[in-house]
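Participant: There's a structure below that I have some questions on.
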Amino acid sequence: MKAPSSYSPTADAEAAIGRAGVVLDLMVQNGVISAADKAAADIANVALAPEPPQNSVRYFTDWALPQLDVLIDESNEPLEVYTTIDLTMQNAATAAVKANVPSGTQGALVSLDRDGAVRALVGGLDYVTSNYNRATTATRQPGSAWKIFVYMAALEAGYTPDTGVTDEPVDINGWKPRNSSGRFSGDIDIRTAFAYSINTVAAKLGVEVGFPTVADMARRFGVTTPINTHPSMVLGTSDVRLIDMTRAFASIARKGIAVTPYGITKVTTADGRLLYEHEDDTSRVLVAPWVAAGMTDLMQTAVSTGTGKAAQIGRPVAGKTGTTSSNKDGWFLGFSSGITTGVWMGRDDARAVGVLQGGRAPARAFADYMKVAVAKRPVEEFETELTLPEWQLEPDEEAYYGSPDGEAEGGMMVDENGFPVDRARSEATEGESDDQQMEVDPEDRPQPQQLDQQWIDNVLGRDRQRQPPPRPNPYP
């Protein structure tokens with residue numbers, strides 16, 4: 001139809017009636033209807049049916065269509081725009097969020113195919129009530145979901161999932177992170193620490209690899225919002241967007257190759273002339289494949305035995321929960337069979353929600369949606385055992401502790417927002433500190449009274465006859 005947005009009766013009823021009159025006149029002139037048929041139509045008195053709450057596809061179109069200004073030159077001719085949205089997946093996403101979101105809260109979901117194609121995007125519970133897009137615009141603290149950047153920095157610096165660590169009290173310049181369980185589990189390994197989202201171990205790793213290095217890792221993986229480099233940043237105290245975090249998880253699923261979310265596949269004129277067609281870029285490698293494989297190993301354990309058990313769907317899933325202080329935000333992000341999905345829930349006014357933890361409602365919404373999203377896809381096993389480089393097989397001191405604290409990729413330093421800064425300026429300000437507020441990530445799933453390493457090994461079918469020695473404790 002001609003100019004559907006301009007002549008829509010919900011946009012301009014008078015214009016719609018005028019356009020209907022033109023169409024009826026043309027139908028009479030062409031002998032399609034009679035003059036009596038036209039008179040019987042009585043278009044001036046047509047009553048509109050009550051408009052039901054609009055489905056969430058509008059959140060997607062509001063995000064995707066403005067990108068036309070960048071993709072093609074300005075055009076006055078009619079265009080045909082082909083998008084990535086999958087209506088079956090979109091409907092499943094909307095239903096999953098609505099079915100699981102706690103009362104009085106909002107929810108959002110982003111789902112990406114392996115190349116970054118947005119298959120589903122939910123920005124809120126009802127577009128008519130609120131068109132604010134919580135999937136692409138809102139910035140919220142990610143809680144422990146942020147730990148993927150901490151652990152990837154550690155893996156890149158020489159750790160492996162089997163590296164021994166100690167869960168014990170930590171004091172970093174007066175900041176004393178607590179575990180949500182209120183307990184310390186002693187000697188465990190990296191895999192177990194991640195699976196149960198143990199905050200003390202994340203804090204230790206942040207010290208060893210350097211908080212600016214963690215910020216640099218987040219920047220590499222597509223986080224565009226400001227990043228602080230205070231010690232508490234390892235627990236996810238920097239605000240992020242759901243679509244950025246989902247993009248980061250998708251890049252891990254793609255074995256370290258950068259994923260960029262996109263919503264438009266091609267644009268043509270009405271007569272079929274091609275103006276734009278999306279091309280997949282696989283040239284940007286963010287981390288080595290063995291780092292991505294190690295991270296996938298950790299996230300698969302988190303779903304199999306740890307805080308993300310509610311996200312299980314009967315096939316391999318890797319993911320991570322996130323819960324912020326006082327349960328203001330709940331997250332679950334993960335991937336399976338080529339689909340990566342991120343779910344966020346919380347109140348727009350950031351007030352606490354007592355029942356909101358990442359391992360509960362967000363993980364259940366993830367599972368409900370993913371069961372539909374991957375139903376027709378083959379089951380894919382994860383590649384979590386890739387050959388390590390030589391320096392990993394025979395680690396030296398630098399391999400264990402990574403590059404000097406604060407040094408990012410290529411010898412570049414980053415500032416409190418994770419942006420590159422001049423080394424001399426950074427050294428001039430070294431030693432300055434700010435008062436740190438204690439942050440706790442209250443992951444909901446209770447840990448056992450004592451994390452039983454043998455139990456976890458049995459569940460995952462691991463042979464622990466050759467256990468690597470624990471790392472030296474930097475906090476004697």
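Chain identifiers are assigned as A, B, and so on, following the order in which chains appear in the structure tokens; residues are numbered from 1 within each chain, and ligands are numbered from 1 in order of appearance.
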With DSSP run on the backbone, what are the strand (DSSP E) residues within range 309-395 of chain A? I'd like them as a list in words.

Facilitator: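 These are the residues in question: Ala318, Gly319, Lys320, Thr321, Gly322, Thr323, Asp329, Gly330, Trp331, Phe332, Leu333, Gly334, Phe335, Ser336, Ile339, Thr340, Thr341, Gly342, Val343, Trp344, Met345 and Gly346 of chain A.
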
Participant: Running DSSP on the backbone, which parts of range 72-219 of chain A land in helix (DSSP H, G or I), as a ChimeraX atom specification?

Facilitator: /A:87-100,143-157,190-195,199-209,211-219

Participant: Write out as a PyMOL selection string which residues come within 12 Å of Asp25 in chain A when counting only C-alpha atoms, dropping same-chain ones fewer than 6 positions away.

Facilitator: chain A and resi 18-19+31-39+41

Participant: Between A:Val287, A:Ala157, A:Ala145, A:Leu205, single out the one closest to Thr237 in chain A, counting only C-alpha atoms.

Facilitator: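 Among the listed residues, the smallest separation from Thr237 in chain A belongs to A:Ala145.
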
Participant: Which residues come within 8 Å of range 303-319 of chain A, counting only C-alpha atoms, excluding same-chain residues fewer than 6 positions away, as a VMD selection string?

Facilitator: chain A and resid 195 to 197 296 to 297 332 to 337 358 to 360 363 to 364 366 to 367 370 to 371 379 to 382 443 to 445 456 459

Participant: Report as a PyMOL selection string all protein, DNA and RNA residues lying within 7 Å of Leu235 in chain A, evaluated on only C-alpha atoms, omitting residues in the same chain fewer than 4 positions from it.

Facilitator: chain A and resi 143-144+146-147+441

Participant: Report the distance between CA of Leu65 in chain A and CA of Ala218 in chain A in Å, rounded to one decimal place.

Facilitator: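 We find that CA of Leu65 in chain A and CA of Ala218 in chain A lie 27.4 Å from each other.
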
Participant: My list of candidates is A:Phe149, A:Trp175, A:Phe194, A:Tyr369. Which is closest to Ala292 in chain A when distances are computed with only C-alpha atoms?

Facilitator: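 Ranking A:Phe149, A:Trp175, A:Phe194, A:Tyr369 by distance to Ala292 in chain A, first place goes to A:Phe149.
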
Participant: For Ser238 in chain A, which of A:Ala373, A:Tyr7, A:Thr225, A:Asp349 is the closest residue, counting only C-alpha atoms?

Facilitator: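 The shortest atom-to-atom distance to Ser238 in chain A comes from A:Thr225.
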
Participant: Excluding Val267 in chain A and its own-chain neighbours fewer than 2 positions away, which residues fall within 12 Å of it when counting only C-alpha atoms? Please give them as a ChimeraX atom specification.

Facilitator: /A:65,67-69,71-73,75,78-83,263-265,269-278

Participant: Fewer than 2 positions away in the same chain doesn't count, so skip those; otherwise give me all residues within 8 Å of Phe249 in chain A, counting only C-alpha atoms, as a list in words.

Facilitator: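 Once the adjacent positions are removed, what remains is Met245, Thr246, Arg247, Ser251, Ile252, Ala253, Leu333, Gly334, Phe335 and Thr340 of chain A.
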
Participant: Could you write out the selected residues, including N, CA and C atoms, as an mmCIF file, in the first residue's frame?

Facilitator:
```cif
data_model
loop_
_atom_site.group_PDB
_atom_site.id
_atom_site.type_symbol
_atom_site.label_atom_id
_atom_site.label_comp_id
_atom_site.auth_asym_id
_atom_site.auth_seq_id
_atom_site.Cartn_x
_atom_site.Cartn_y
_atom_site.Cartn_z
ATOM 1 N N MET A 245 26.597 -7.025 26.142
ATOM 2 C CA MET A 245 26.987 -8.229 26.872
ATOM 3 C C MET A 245 26.665 -9.490 26.055
ATOM 4 N N THR A 246 25.524 -9.490 25.383
ATOM 5 C CA THR A 246 25.168 -10.634 24.545
ATOM 6 C C THR A 246 26.168 -10.787 23.414
ATOM 7 N N ARG A 247 26.588 -9.677 22.869
ATOM 8 C CA ARG A 247 27.600 -9.693 21.808
ATOM 9 C C ARG A 247 28.904 -10.318 22.303
ATOM 10 N N SER A 251 30.731 -13.736 20.880
ATOM 11 C CA SER A 251 32.103 -13.789 20.376
ATOM 12 C C SER A 251 32.880 -14.934 21.012
ATOM 13 N N ILE A 252 32.574 -15.262 22.264
ATOM 14 C CA ILE A 252 33.178 -16.439 22.890
ATOM 15 C C ILE A 252 32.674 -17.700 22.207
ATOM 16 N N ALA A 253 31.358 -17.748 21.955
ATOM 17 C CA ALA A 253 30.776 -18.910 21.288
ATOM 18 C C ALA A 253 31.379 -19.111 19.902
ATOM 19 N N LEU A 333 23.099 -14.966 30.632
ATOM 20 C CA LEU A 333 23.550 -14.942 29.247
ATOM 21 C C LEU A 333 24.224 -16.267 28.932
ATOM 22 N N GLY A 334 23.957 -16.807 27.750
ATOM 23 C CA GLY A 334 24.568 -18.072 27.401
ATOM 24 C C GLY A 334 24.321 -18.424 25.953
ATOM 25 N N PHE A 335 24.849 -19.593 25.551
ATOM 26 C CA PHE A 335 24.705 -20.006 24.157
ATOM 27 C C PHE A 335 24.593 -21.518 24.038
ATOM 28 N N THR A 340 23.112 -17.401 20.709
ATOM 29 C CA THR A 340 23.515 -16.761 21.966
ATOM 30 C C THR A 340 22.406 -15.837 22.423
#
```

Participant: In Å to one decimal, how far is CA of Thr324 in chain A from CA of Val259 in chain A?

Facilitator: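 Result for CA of Val259 in chain A versus CA of Thr324 in chain A: 26.3 Å, one decimal.
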
Participant: When distances are computed from only C-alpha atoms, which of A:Thr129, A:Asn100, A:Thr282, A:Thr384 shows the smallest separation from Gln357 in chain A?

Facilitator: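 That would be A:Asn100, the residue with the smallest distance to Gln357 in chain A.
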
Participant: For the atom pair CA of Ser6 in chain A and CA of Thr61 in chain A, what is the interatomic distance in Å to one decimal place?

Facilitator: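 Separation of CA of Ser6 in chain A and CA of Thr61 in chain A: 16.8 Å.
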
Participant: Nearest to Ala49 in chain A: which of A:Pro169, A:Gly104, A:Pro9, A:Thr341 is it, counting only C-alpha atoms?

Facilitator: A:Pro9

Participant: Using only C-alpha atoms, find the one residue out of A:Val355, A:Val291, A:Leu125, A:Ala64 that sits nearest to Pro161 in chain A.

Facilitator: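 The closest residue to Pro161 in chain A is A:Val291.
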